[in-house]
Each structure stands twice: as C-alpha cells, then as structure tokens.
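This is work_27.txt. It holds compact mmCIF, C-alpha atoms.
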```txt
# COMPACT_ATOMS: atom_id res chain seq x y z
CA MET N 1 227.96 77.88 -5.96
CA THR N 2 226.47 78.96 -9.29
CA TYR N 3 223.14 79.67 -7.61
CA LEU N 4 224.88 81.77 -4.98
CA TRP N 5 226.50 83.90 -7.66
CA ILE N 6 223.18 84.32 -9.48
CA GLY N 7 221.49 85.23 -6.21
CA ALA N 8 224.18 87.76 -5.41
CA ILE N 9 223.89 89.31 -8.87
CA VAL N 10 220.12 89.67 -8.46
CA VAL N 11 219.95 90.64 -4.80
CA THR N 12 222.87 93.08 -4.59
CA PRO N 13 221.44 95.66 -7.04
CA ALA N 14 218.08 95.38 -5.28
CA ILE N 15 219.72 96.09 -1.93
CA ILE N 16 221.65 99.03 -3.36
CA PHE N 17 218.50 100.44 -4.93
CA GLY N 18 216.62 100.01 -1.65
CA LEU N 19 219.34 101.94 0.16
CA ILE N 20 219.11 104.72 -2.44
CA VAL N 21 215.35 104.94 -1.87
CA LEU N 22 215.83 105.08 1.90
CA LYS N 23 218.51 107.75 1.52
CA SER N 24 216.07 109.80 -0.55
CA LYS N 25 213.44 109.39 2.15
CA VAL N 26 215.88 110.57 4.81
CA GLU N 27 216.84 113.62 2.73
CA TYR N 28 213.20 114.48 1.95
CA PRO N 29 211.15 113.21 4.92
CA GLU N 30 208.11 115.20 3.78
CA LYS N 31 207.94 113.12 0.58
CA SER N 32 206.11 109.80 0.44
CA LEU N 33 208.03 106.54 0.12
CA PHE N 34 206.45 106.02 -3.30
CA TYR N 35 207.71 109.44 -4.40
CA CYS N 36 211.20 108.50 -3.25
CA PHE N 37 210.92 105.20 -5.14
CA LEU N 38 209.96 106.95 -8.40
CA ASN N 39 212.58 109.61 -7.83
CA SER N 40 215.26 106.94 -7.46
CA CYS N 41 214.08 105.11 -10.58
CA MET N 42 214.84 108.25 -12.60
CA ILE N 43 218.49 108.51 -11.56
CA PRO N 44 219.78 106.65 -14.67
CA LEU N 45 217.62 108.79 -16.96
CA ARG N 46 218.98 111.98 -15.46
CA LEU N 47 222.58 110.78 -15.58
CA LEU N 48 222.21 109.80 -19.24
CA ARG N 49 220.02 112.85 -20.06
CA LEU N 50 217.22 110.73 -21.46
CA GLY N 51 213.45 111.23 -21.53
CA PRO N 52 212.34 114.24 -19.47
CA PHE N 53 216.00 115.12 -18.77
CA ARG N 54 217.17 115.24 -22.37
CA HIS N 55 217.11 119.05 -22.44
CA GLY N 56 219.47 119.41 -19.49
CA LYS N 57 219.20 122.20 -16.96
CA VAL N 58 215.90 124.06 -16.71
CA SER N 59 216.14 127.65 -17.92
CA LEU N 60 213.83 130.49 -18.87
CA ASP N 61 215.25 130.61 -22.38
CA LYS N 62 214.39 126.95 -22.97
CA ALA N 63 210.92 127.46 -21.52
CA MET N 64 210.30 130.42 -23.83
CA LYS N 65 211.38 128.43 -26.88
CA TYR N 66 209.15 125.55 -25.81
CA ALA N 67 206.20 127.92 -25.35
CA MET N 68 206.65 129.44 -28.80
CA ARG N 69 206.69 125.99 -30.39
CA LYS N 70 203.69 124.86 -28.36
CA THR N 71 201.47 127.89 -28.94
CA LYS N 72 202.77 129.02 -32.35
CA LEU N 73 202.95 132.53 -30.82
CA THR N 74 205.95 134.81 -30.35
CA ASP N 75 204.85 137.96 -28.50
CA PHE N 76 205.67 137.79 -24.79
CA GLY N 77 204.87 141.46 -24.28
CA ASP N 78 207.16 143.55 -22.08
CA MET N 79 210.40 141.58 -21.78
CA THR N 80 211.45 142.98 -18.40
CA PHE N 81 210.14 139.75 -16.89
CA ALA N 82 213.15 137.98 -18.42
CA GLU N 83 215.50 140.35 -16.58
CA SER N 84 213.69 139.65 -13.31
CA TYR N 85 214.13 135.93 -13.80
CA SER N 86 217.80 136.42 -14.59
CA PHE N 87 218.32 138.40 -11.38
CA ILE N 88 216.98 135.55 -9.23
CA THR N 89 218.38 132.58 -11.13
CA ASN N 90 221.86 134.10 -10.82
CA THR N 91 221.70 134.41 -7.03
CA PRO N 92 223.98 132.03 -5.09
CA SER N 93 220.99 130.39 -3.37
CA HIS N 94 219.37 129.52 -6.67
CA GLN N 95 222.63 128.42 -8.25
CA ALA N 96 223.12 126.03 -5.34
CA LEU N 97 219.59 124.66 -5.71
CA LYS N 98 219.50 120.86 -5.97
CA LEU N 99 216.19 119.59 -7.30
CA THR N 100 215.06 116.02 -6.94
CA ASN N 101 214.54 114.19 -10.21
CA LEU N 102 210.77 114.62 -10.00
CA GLY N 103 211.29 118.18 -8.79
CA HIS N 104 213.28 118.85 -11.95
CA ILE N 105 210.36 117.62 -14.06
CA MET N 106 207.82 119.68 -12.09
CA PHE N 107 210.01 122.78 -12.27
CA ARG N 108 210.28 122.47 -16.05
CA LEU N 109 206.54 121.85 -16.39
CA GLU N 110 205.58 124.88 -14.31
CA LEU N 111 208.02 127.20 -16.08
CA ASN N 112 206.82 125.97 -19.47
CA MET N 113 203.21 126.51 -18.41
CA SER N 114 204.00 130.02 -17.22
CA MET N 115 205.53 131.00 -20.55
CA CYS N 116 202.68 129.40 -22.55
CA ARG N 117 200.18 131.22 -20.36
CA ARG N 118 201.94 134.52 -20.96
CA LEU N 119 201.95 134.10 -24.74
CA ARG N 120 198.28 133.12 -24.87
CA PHE N 121 197.36 135.96 -22.53
CA GLN N 122 199.10 138.55 -24.69
CA GLN N 123 197.40 137.19 -27.79
CA PHE N 124 193.96 137.19 -26.17
CA LEU N 125 194.33 140.84 -25.20
CA LYS N 126 195.20 141.65 -28.80
CA ASP N 127 192.15 139.79 -30.07
CA CYS N 128 189.81 141.16 -27.39
CA PRO N 129 191.17 144.53 -26.17
CA GLU N 130 187.81 145.28 -24.55
CA VAL N 131 188.91 143.03 -21.70
CA LEU N 132 190.91 145.95 -20.35
CA ASN N 133 187.71 147.99 -20.00
CA ILE N 134 186.37 145.66 -17.33
CA ARG N 135 186.21 147.38 -13.97
CA VAL N 136 188.10 145.76 -11.10
CA PRO N 137 186.68 146.91 -7.76
CA THR N 138 189.16 147.91 -5.09
CA PRO N 139 190.82 144.64 -4.07
CA VAL N 140 191.56 143.43 -0.57
CA PHE N 141 195.24 142.68 0.01
CA VAL N 142 196.27 140.09 2.59
CA MET N 143 199.92 140.55 3.46
CA GLY N 144 202.24 138.75 5.82
CA LEU N 145 205.33 136.59 6.08
CA PRO N 146 205.16 132.86 5.27
CA ARG N 147 203.55 130.64 7.91
CA THR N 148 201.71 133.51 9.64
CA GLY N 149 198.14 132.57 8.66
CA THR N 150 197.74 134.59 5.47
CA THR N 151 196.27 131.66 3.55
CA PHE N 152 193.80 130.97 6.34
CA LEU N 153 192.66 134.60 6.36
CA HIS N 154 192.51 134.71 2.56
CA ARG N 155 190.26 131.67 2.40
CA LEU N 156 188.14 132.89 5.28
CA LEU N 157 187.49 136.16 3.44
CA SER N 158 186.73 134.25 0.24
CA LEU N 159 183.70 132.66 1.94
CA ASP N 160 181.92 136.01 1.75
CA PRO N 161 179.49 135.74 -1.22
CA GLN N 162 180.19 139.38 -2.07
CA VAL N 163 183.87 138.63 -2.60
CA ARG N 164 185.36 137.22 -5.80
CA ALA N 165 188.38 135.05 -4.99
CA PRO N 166 190.07 133.46 -8.04
CA LEU N 167 190.38 129.70 -7.85
CA LEU N 168 193.60 127.80 -8.44
CA TRP N 169 192.50 126.42 -11.81
CA GLU N 170 191.59 129.93 -12.99
CA LEU N 171 195.02 131.27 -12.11
CA LEU N 172 196.89 128.37 -13.67
CA SER N 173 194.79 128.44 -16.84
CA PRO N 174 193.08 131.83 -17.14
CA VAL N 175 193.09 132.20 -20.92
CA PRO N 176 190.10 130.84 -22.86
CA GLY N 177 190.53 128.92 -26.05
CA HIS N 178 187.64 130.99 -27.40
CA THR N 179 187.95 134.63 -28.45
CA GLY N 180 185.33 137.18 -29.29
CA ALA N 181 182.32 138.58 -27.47
CA PRO N 182 181.46 136.88 -24.17
CA ASN N 183 179.19 133.93 -24.78
CA ALA N 184 177.87 132.25 -21.65
CA THR N 185 177.62 128.78 -23.19
CA VAL N 186 180.94 128.81 -25.04
CA PHE N 187 182.88 130.25 -22.12
CA ALA N 188 181.21 127.85 -19.67
CA ASP N 189 182.29 124.86 -21.75
CA ASP N 190 185.77 126.29 -22.13
CA ARG N 191 186.09 126.96 -18.40
CA LEU N 192 185.05 123.39 -17.66
CA LYS N 193 187.71 122.10 -20.05
CA ARG N 194 190.43 124.17 -18.38
CA ASN N 195 189.21 123.13 -14.94
CA LYS N 196 189.59 119.48 -15.92
CA PHE N 197 193.07 120.19 -17.28
CA VAL N 198 194.28 121.63 -13.97
CA ARG N 199 192.57 118.89 -11.99
CA LYS N 200 194.49 116.33 -14.01
CA LEU N 201 197.76 118.16 -13.38
CA ILE N 202 197.16 117.98 -9.65
CA GLN N 203 196.04 114.35 -9.81
CA ASP N 204 199.12 113.40 -11.82
CA ARG N 205 201.34 115.04 -9.24
CA GLU N 206 199.55 113.29 -6.40
CA SER N 207 199.71 109.95 -8.23
CA MET N 208 203.49 110.23 -8.05
CA GLY N 209 203.18 110.48 -4.29
CA ASP N 210 203.99 114.19 -4.19
CA ARG N 211 201.72 115.65 -1.53
CA ALA N 212 204.49 117.47 0.31
CA MET N 213 202.89 120.91 -0.05
CA GLU N 214 199.73 119.83 1.72
CA HIS N 215 201.27 119.93 5.18
CA ILE N 216 201.80 123.68 4.78
CA HIS N 217 199.30 124.69 2.07
CA GLU N 218 196.17 122.84 1.00
CA ILE N 219 196.03 122.41 -2.78
CA GLY N 220 192.86 122.02 -4.82
CA ALA N 221 191.78 123.06 -8.31
CA ASP N 222 188.55 124.56 -6.97
CA LEU N 223 190.03 126.19 -3.87
CA PRO N 224 190.65 129.95 -3.67
CA GLU N 225 194.29 130.65 -4.36
CA GLU N 226 196.68 133.53 -3.90
CA CYS N 227 198.33 135.63 -6.57
CA LEU N 228 201.66 133.78 -6.46
CA MET N 229 201.07 131.68 -9.58
CA VAL N 230 200.07 134.58 -11.83
CA LEU N 231 202.74 136.91 -10.50
CA SER N 232 205.25 134.30 -11.64
CA ASP N 233 204.52 135.32 -15.23
CA GLU N 234 206.20 138.65 -14.40
CA ILE N 235 208.53 138.05 -11.47
CA PRO N 236 209.92 134.65 -10.38
CA THR N 237 207.81 134.25 -7.26
CA HIS N 238 207.37 130.50 -7.67
CA LEU N 239 211.12 130.05 -8.13
CA SER N 240 211.83 131.95 -4.96
CA PHE N 241 209.09 130.62 -2.71
CA LEU N 242 208.59 127.07 -3.98
CA TYR N 243 211.97 125.97 -5.28
CA SER N 244 214.58 127.92 -3.36
CA ASP N 245 213.62 127.22 0.25
CA TYR N 246 212.17 130.70 0.65
CA VAL N 247 214.92 132.96 -0.66
CA HIS N 248 215.59 135.58 1.97
CA HIS N 249 213.26 138.54 1.42
CA ASP N 250 216.19 140.98 1.55
CA VAL N 251 217.84 139.10 -1.30
CA PHE N 252 214.65 138.85 -3.33
CA PHE N 253 213.71 142.50 -3.06
CA SER N 254 217.25 143.72 -3.57
CA LYS N 255 216.93 142.17 -7.02
CA ILE N 256 213.22 142.74 -7.68
CA ASP N 257 212.56 146.43 -7.09
CA PHE N 258 209.28 148.26 -6.51
CA GLU N 259 208.66 148.99 -10.19
CA ARG N 260 208.92 145.32 -11.12
CA VAL N 261 206.56 144.31 -8.33
CA LYS N 262 204.13 147.05 -9.38
CA ASN N 263 204.21 145.84 -12.98
CA ALA N 264 203.55 142.30 -11.77
CA TYR N 265 200.41 143.45 -9.97
CA LEU N 266 199.28 145.45 -12.99
CA TYR N 267 199.65 142.22 -14.96
CA TYR N 268 197.62 140.45 -12.29
CA LYS N 269 194.92 143.09 -12.61
CA LYS N 270 194.62 142.26 -16.31
CA VAL N 271 194.21 138.59 -15.44
CA LEU N 272 191.40 139.51 -13.04
CA GLN N 273 189.80 141.54 -15.82
CA LEU N 274 190.04 138.53 -18.11
CA LEU N 275 188.43 136.26 -15.51
CA SER N 276 185.58 138.76 -15.11
CA TYR N 277 185.21 139.07 -18.89
CA GLN N 278 184.63 135.35 -19.20
CA VAL N 279 181.57 135.45 -16.97
CA GLY N 280 180.09 138.38 -18.87
CA GLU N 281 180.74 141.20 -16.44
CA ALA N 282 180.22 144.62 -18.01
CA GLU N 283 182.51 147.62 -17.85
```
For the file at hand, write its structure as structure tokens.
Amino acid sequence: MTYLWIGAIVVTPAIIFGLIVLKSKVEYPEKSLFYCFLNSCMIPLRLLRLGPFRHGKVSLDKAMKYAMRKTKLTDFGDMTFAESYSFITNTPSHQALKLTNLGHIMFRLELNMSMCRRLRFQQFLKDCPEVLNIRVPTPVFVMGLPRTGTTFLHRLLSLDPQVRAPLLWELLSPVPGHTGAPNATVFADDRLKRNKFVRKLIQDRESMGDRAMEHIHEIGADLPEECLMVLSDEIPTHLSFLYSDYVHHDVFFSKIDFERVKNAYLYYKKVLQLLSYQVGEAE
C-alpha cells in the first residue's frame, strides 16, 4: 500500500503536467511540443513572479528604464513615440492580449532592445552628425496587406545587385560600437560582432522550439528584411503585427495618424543613412 501511495504521489503530478503541456499544444498548434513543454515549466515562475517574470507586466516605461540602465544614456530624442505606444497599448485588443510565458519573455526582450537601439542611435547621431549628410537614393516601397506576397516581392527585388536591401541583423542592431570617421577595418569587425549577436538571438529562440513565424515568414539574420523592426522604434508596429493578432488596420491608423507614420519613416531614413555610413558611402 505504501508503494502505491508513493507511486501516486510521483505519477499524479507528472500526469497533470503532461496534460498542461498538451493543453498548451492544443491552444498553440503552431508551436513545437518542446516549446509547449518549456512554456509549461515556467508557469510557477510566472505565478510567483520569479526570474524573468519578477518585473511583472511588460510596459514601455519599464523598457525605457532598463535601456537607460543598460546603455548609461538618457536621450530618447523626440518623445512622441511614447504617445504612439500608449495609444496602441490602451486599445481593447492589446489589453486583452494573453502572451504565453515564453512570449512574455520575448516581448520584454524585443521592447528592451528597441529602446536600447533608440538611445544608442540618438547618441551616435550626436557623435557623428555627418551621417545625416549621406544621400539616400529614391527608395522602392512594397505595399500590401499581410499574406499577399509582399515579402516574396521584397526579397525578389533584393536579388538585384543594384539594390541595397537591409538585412535583418542590420535592422535589429544598426548602431556601431565605434564612432568617428568611417574606417573599413573597424566597422567591418564591428558589423561582424553585431551580426553574431543577432544570429545568437535567433538561435536562442529556435533552441526553445519557437519556429512558429517560419510558416508565414522566413527568418534569418542574413536575409533581407522589411522596415517593421526599425519602425517599431517610433510606432508600435511589432506590438500590433506580431503580438496582437494583427490589430485591425482601422484601429491602428485611427490611433497612429499620418504625421506619426511619416516621422517613423524619416527615422527609418536616418537608419538607412547610418547603414550606408558604415560601409564608407560618401555624401
């Protein structure tokens, strides 16, 4: 009888945990079973607000404070981006958003990265204002609704050797650790370092079994990527299109008006100028 009780004590929690994992798999069929396993393992941590969950709900304010501590910088530039984030995070669809445990961690990581990137970008422009003298030839805009082939067309156009299509790693980590006049050797080493950093981010995510995006959008550090990631430094595009099940466009643009979108693309232009500056392109 004693052995039966011991067996029940050991087996019952295992069965319950297995059911939790299966429930997670049913709720998120696009996720791998390993992802669902890890996600379920983090339930106690989230309930007790331990480890990666100790800071509670993800917010822009917390991300900004983290970025200032991380970079030792304080100038975010024009603060209208904070208003734009507030508009979207206060929508009913975002308020009702239920992130998985791993999704919570990824959300925090990406928002923290965005704010760190913004601080470093502002500082680099102060140190090297000549970046803004770099000429950006008339860009080609690929526009369309989600799932209509825009990524396919974008990557097809990027195959043209006369076209400069920013790569994912460049957009996620565009700011060099080196300032001053363009130096081919120094910038090349720095670019390699940032490339490895983004590669590791992607590998870490994949190691957790999270490859859900790949069935709709191929991800790769060295693949051409769209402007979504950089625009998120100005307007919450990644919140709306990655974490809110594609917030209805009417809702998004009722909150984010033309001027805010225009400012986001002017910001993106500066990022393109910075990327050109690093490879020694003249005015």
| request: For Phe53 of chain N, please output as a VMD selection string all residues within 9 Å (counting all atoms listed in the file; exclusion window: fewer than 5 positions along the same chain). | output: chain N and resid 45 to 48 101 104 to 105
Counting only C-alpha atoms, which residues of segment 84-126 of chain N fall within 9 Å of segment 169-176 of chain N, and what is the closest atom pair for each with its distance in Å at one decimal, ordered by chain and rising number, as JSON lines?
```
{"residue": "N:Met113", "atom": "CA", "partner": "N:Leu172", "partner_atom": "CA", "distance": 8.1}
{"residue": "N:Ser114", "atom": "CA", "partner": "N:Leu172", "partner_atom": "CA", "distance": 8.1}
{"residue": "N:Arg117", "atom": "CA", "partner": "N:Ser173", "partner_atom": "CA", "distance": 7.0}
{"residue": "N:Arg120", "atom": "CA", "partner": "N:Val175", "partner_atom": "CA", "distance": 6.6}
{"residue": "N:Phe121", "atom": "CA", "partner": "N:Val175", "partner_atom": "CA", "distance": 5.9}
{"residue": "N:Phe124", "atom": "CA", "partner": "N:Val175", "partner_atom": "CA", "distance": 7.3}
```
| task | Choose the residue, out of N:Ser207, N:Asn133, N:Ser93, N:Thr138, that has the smallest atom-to-atom separation from Ser276 of chain N; count only C-alpha atoms. | result | N:Asn133
| How many Å separate atom CA of Asp61 of chain N from atom CA of Tyr267 of chain N? |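 So the two atoms, atom CA of Asp61 of chain N and atom CA of Tyr267 of chain N, lie 20.8 Å apart.
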| Proximity to Tyr277 of chain N - best of N:Gly77, N:Pro52, N:Pro29, N:Pro129, all atoms listed in the file |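 Of the candidates, the smallest distance to Tyr277 of chain N is held by N:Pro129.
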| task | State, in Å with one decimal place, the distance from atom CA of Thr237 of chain N to atom CA of Ser254 of chain N. | result |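 Computing it gives 13.9 Å between the two atoms.
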| task | Find, counting all atoms listed in the file, the residue in N:Lys57, N:Lys255, N:Arg135, N:Lys72 that gets nearest to Leu99 of chain N. | result |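 Looking at the shortest contact to Leu99 of chain N, the residue is N:Lys57.
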| request: Report the distance between atom CA of Pro146 of chain N and atom CA of Tyr85 of chain N in Å, rounded to one decimal place. | output: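 Atom-to-atom, atom CA of Pro146 of chain N and atom CA of Tyr85 of chain N are spaced 21.3 Å apart.
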| query | Taking all atoms listed in the file into account, which of N:Asn39, N:Asn195, N:Ser59, N:Asn263 comes nearest Gln95 of chain N? | reply |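 Checking each of N:Asn39, N:Asn195, N:Ser59, N:Asn263 against Gln95 of chain N, counting all atoms listed in the file, the winner is N:Ser59.
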| task | Select, from N:Leu272, N:Leu167, N:Val136, N:Leu73, the residue with the minimum atom-to-atom distance to Ile219 of chain N, counting all atoms listed in the file. | result | N:Leu167
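Residues with any atom within 12 Å of segment 32-36 of chain N, counting all atoms listed in the file and excluding same-chain neighbours fewer than 5 positions away, are Phe17, Gly18, Leu19, Ile20, Val21, Leu22, Lys23, Ser24, Lys25, Val26, Glu27, Cys41, Met42, Ile43, Thr100, Asn101, Leu102, Gly103, Arg205, Glu206, Ser207, Met208, Gly209, Asp210, Arg211, Ala212, Met213 and Glu214 of chain N.
Distances from N:Met68, N:Ile202, N:Leu223, N:Ala264 to Met106 of chain N were compared using only C-alpha atoms, and the smallest one belongs to N:Ile202.
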| message | Show me the residues close to (194.9, 137.5, -11.3) - anything with an atom within 7 Å, counting all atoms listed in the file - and format the list as a PyMOL selection string. | response | chain N and resi 171+227+230+268-272
Regenerate segment 111-136 of chain N at the level of N, CA, C and O atoms and dump it as a JSON list (two decimals), in the coordinates of the input.
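Now in out.json:
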```json
[["chain", "number", "residue", "atom", "x", "y", "z"],
["N", 111, "LEU", "N", 207.43, 126.08, -15.34],
["N", 111, "LEU", "CA", 208.02, 127.20, -16.08],
["N", 111, "LEU", "C", 207.50, 127.21, -17.52],
["N", 111, "LEU", "O", 207.20, 128.28, -18.06],
["N", 112, "ASN", "N", 207.38, 126.04, -18.12],
["N", 112, "ASN", "CA", 206.82, 125.97, -19.47],
["N", 112, "ASN", "C", 205.38, 126.47, -19.49],
["N", 112, "ASN", "O", 204.97, 127.21, -20.40],
["N", 113, "MET", "N", 204.60, 126.06, -18.49],
["N", 113, "MET", "CA", 203.21, 126.51, -18.41],
["N", 113, "MET", "C", 203.12, 128.02, -18.26],
["N", 113, "MET", "O", 202.27, 128.67, -18.86],
["N", 114, "SER", "N", 204.01, 128.58, -17.45],
["N", 114, "SER", "CA", 204.00, 130.02, -17.22],
["N", 114, "SER", "C", 204.26, 130.78, -18.51],
["N", 114, "SER", "O", 203.57, 131.76, -18.82],
["N", 115, "MET", "N", 205.21, 130.32, -19.30],
["N", 115, "MET", "CA", 205.53, 131.00, -20.55],
["N", 115, "MET", "C", 204.43, 130.81, -21.60],
["N", 115, "MET", "O", 204.10, 131.73, -22.35],
["N", 116, "CYS", "N", 203.82, 129.62, -21.64],
["N", 116, "CYS", "CA", 202.68, 129.40, -22.55],
["N", 116, "CYS", "C", 201.51, 130.29, -22.16],
["N", 116, "CYS", "O", 200.85, 130.89, -23.01],
["N", 117, "ARG", "N", 201.28, 130.38, -20.87],
["N", 117, "ARG", "CA", 200.18, 131.22, -20.36],
["N", 117, "ARG", "C", 200.40, 132.68, -20.74],
["N", 117, "ARG", "O", 199.48, 133.37, -21.17],
["N", 118, "ARG", "N", 201.63, 133.12, -20.63],
["N", 118, "ARG", "CA", 201.94, 134.52, -20.96],
["N", 118, "ARG", "C", 201.70, 134.80, -22.44],
["N", 118, "ARG", "O", 201.12, 135.83, -22.80],
["N", 119, "LEU", "N", 202.16, 133.91, -23.30],
["N", 119, "LEU", "CA", 201.95, 134.10, -24.74],
["N", 119, "LEU", "C", 200.47, 134.13, -25.09],
["N", 119, "LEU", "O", 200.01, 134.99, -25.86],
["N", 120, "ARG", "N", 199.71, 133.19, -24.56],
["N", 120, "ARG", "CA", 198.28, 133.12, -24.87],
["N", 120, "ARG", "C", 197.54, 134.33, -24.31],
["N", 120, "ARG", "O", 196.59, 134.84, -24.93],
["N", 121, "PHE", "N", 197.98, 134.79, -23.16],
["N", 121, "PHE", "CA", 197.36, 135.96, -22.53],
["N", 121, "PHE", "C", 197.57, 137.20, -23.40],
["N", 121, "PHE", "O", 196.64, 137.96, -23.67],
["N", 122, "GLN", "N", 198.80, 137.40, -23.84],
["N", 122, "GLN", "CA", 199.10, 138.55, -24.69],
["N", 122, "GLN", "C", 198.28, 138.51, -25.98],
["N", 122, "GLN", "O", 197.75, 139.52, -26.43],
["N", 123, "GLN", "N", 198.15, 137.33, -26.56],
["N", 123, "GLN", "CA", 197.40, 137.19, -27.79],
["N", 123, "GLN", "C", 195.91, 137.45, -27.57],
["N", 123, "GLN", "O", 195.25, 138.09, -28.40],
["N", 124, "PHE", "N", 195.38, 136.98, -26.45],
["N", 124, "PHE", "CA", 193.96, 137.19, -26.17],
["N", 124, "PHE", "C", 193.65, 138.67, -26.01],
["N", 124, "PHE", "O", 192.62, 139.16, -26.48],
["N", 125, "LEU", "N", 194.55, 139.40, -25.36],
["N", 125, "LEU", "CA", 194.33, 140.84, -25.20],
["N", 125, "LEU", "C", 194.38, 141.57, -26.54],
["N", 125, "LEU", "O", 193.69, 142.57, -26.73],
["N", 126, "LYS", "N", 195.18, 141.06, -27.46],
["N", 126, "LYS", "CA", 195.20, 141.65, -28.80],
["N", 126, "LYS", "C", 193.88, 141.39, -29.52],
["N", 126, "LYS", "O", 193.33, 142.27, -30.19],
["N", 127, "ASP", "N", 193.38, 140.17, -29.38],
["N", 127, "ASP", "CA", 192.15, 139.79, -30.07],
["N", 127, "ASP", "C", 190.92, 140.44, -29.43],
["N", 127, "ASP", "O", 189.95, 140.74, -30.12],
["N", 128, "CYS", "N", 190.97, 140.62, -28.12],
["N", 128, "CYS", "CA", 189.81, 141.16, -27.39],
["N", 128, "CYS", "C", 190.27, 142.29, -26.46],
["N", 128, "CYS", "O", 190.28, 142.12, -25.22],
["N", 129, "PRO", "N", 190.66, 143.43, -27.01],
["N", 129, "PRO", "CA", 191.17, 144.53, -26.17],
["N", 129, "PRO", "C", 190.13, 145.08, -25.20],
["N", 129, "PRO", "O", 190.49, 145.75, -24.23],
["N", 130, "GLU", "N", 188.85, 144.79, -25.45],
["N", 130, "GLU", "CA", 187.81, 145.28, -24.55],
["N", 130, "GLU", "C", 187.91, 144.68, -23.15],
["N", 130, "GLU", "O", 187.28, 145.17, -22.20],
["N", 131, "VAL", "N", 188.68, 143.62, -23.02],
["N", 131, "VAL", "CA", 188.91, 143.03, -21.70],
["N", 131, "VAL", "C", 189.42, 144.08, -20.72],
["N", 131, "VAL", "O", 189.04, 144.11, -19.54],
["N", 132, "LEU", "N", 190.28, 144.96, -21.22],
["N", 132, "LEU", "CA", 190.91, 145.95, -20.35],
["N", 132, "LEU", "C", 189.95, 147.06, -19.93],
["N", 132, "LEU", "O", 190.33, 147.94, -19.14],
["N", 133, "ASN", "N", 188.72, 147.02, -20.44],
["N", 133, "ASN", "CA", 187.71, 147.99, -20.00],
["N", 133, "ASN", "C", 186.91, 147.49, -18.80],
["N", 133, "ASN", "O", 186.13, 148.24, -18.22],
["N", 134, "ILE", "N", 187.10, 146.22, -18.46],
["N", 134, "ILE", "CA", 186.37, 145.66, -17.33],
["N", 134, "ILE", "C", 186.83, 146.32, -16.04],
["N", 134, "ILE", "O", 188.03, 146.47, -15.79],
["N", 135, "ARG", "N", 185.88, 146.72, -15.24],
["N", 135, "ARG", "CA", 186.21, 147.38, -13.97],
["N", 135, "ARG", "C", 186.60, 146.34, -12.92],
["N", 135, "ARG", "O", 185.94, 145.32, -12.77],
["N", 136, "VAL", "N", 187.68, 146.61, -12.22],
["N", 136, "VAL", "CA", 188.10, 145.76, -11.10],
["N", 136, "VAL", "C", 187.90, 146.56, -9.82],
["N", 136, "VAL", "O", 188.61, 147.53, -9.56]]
```
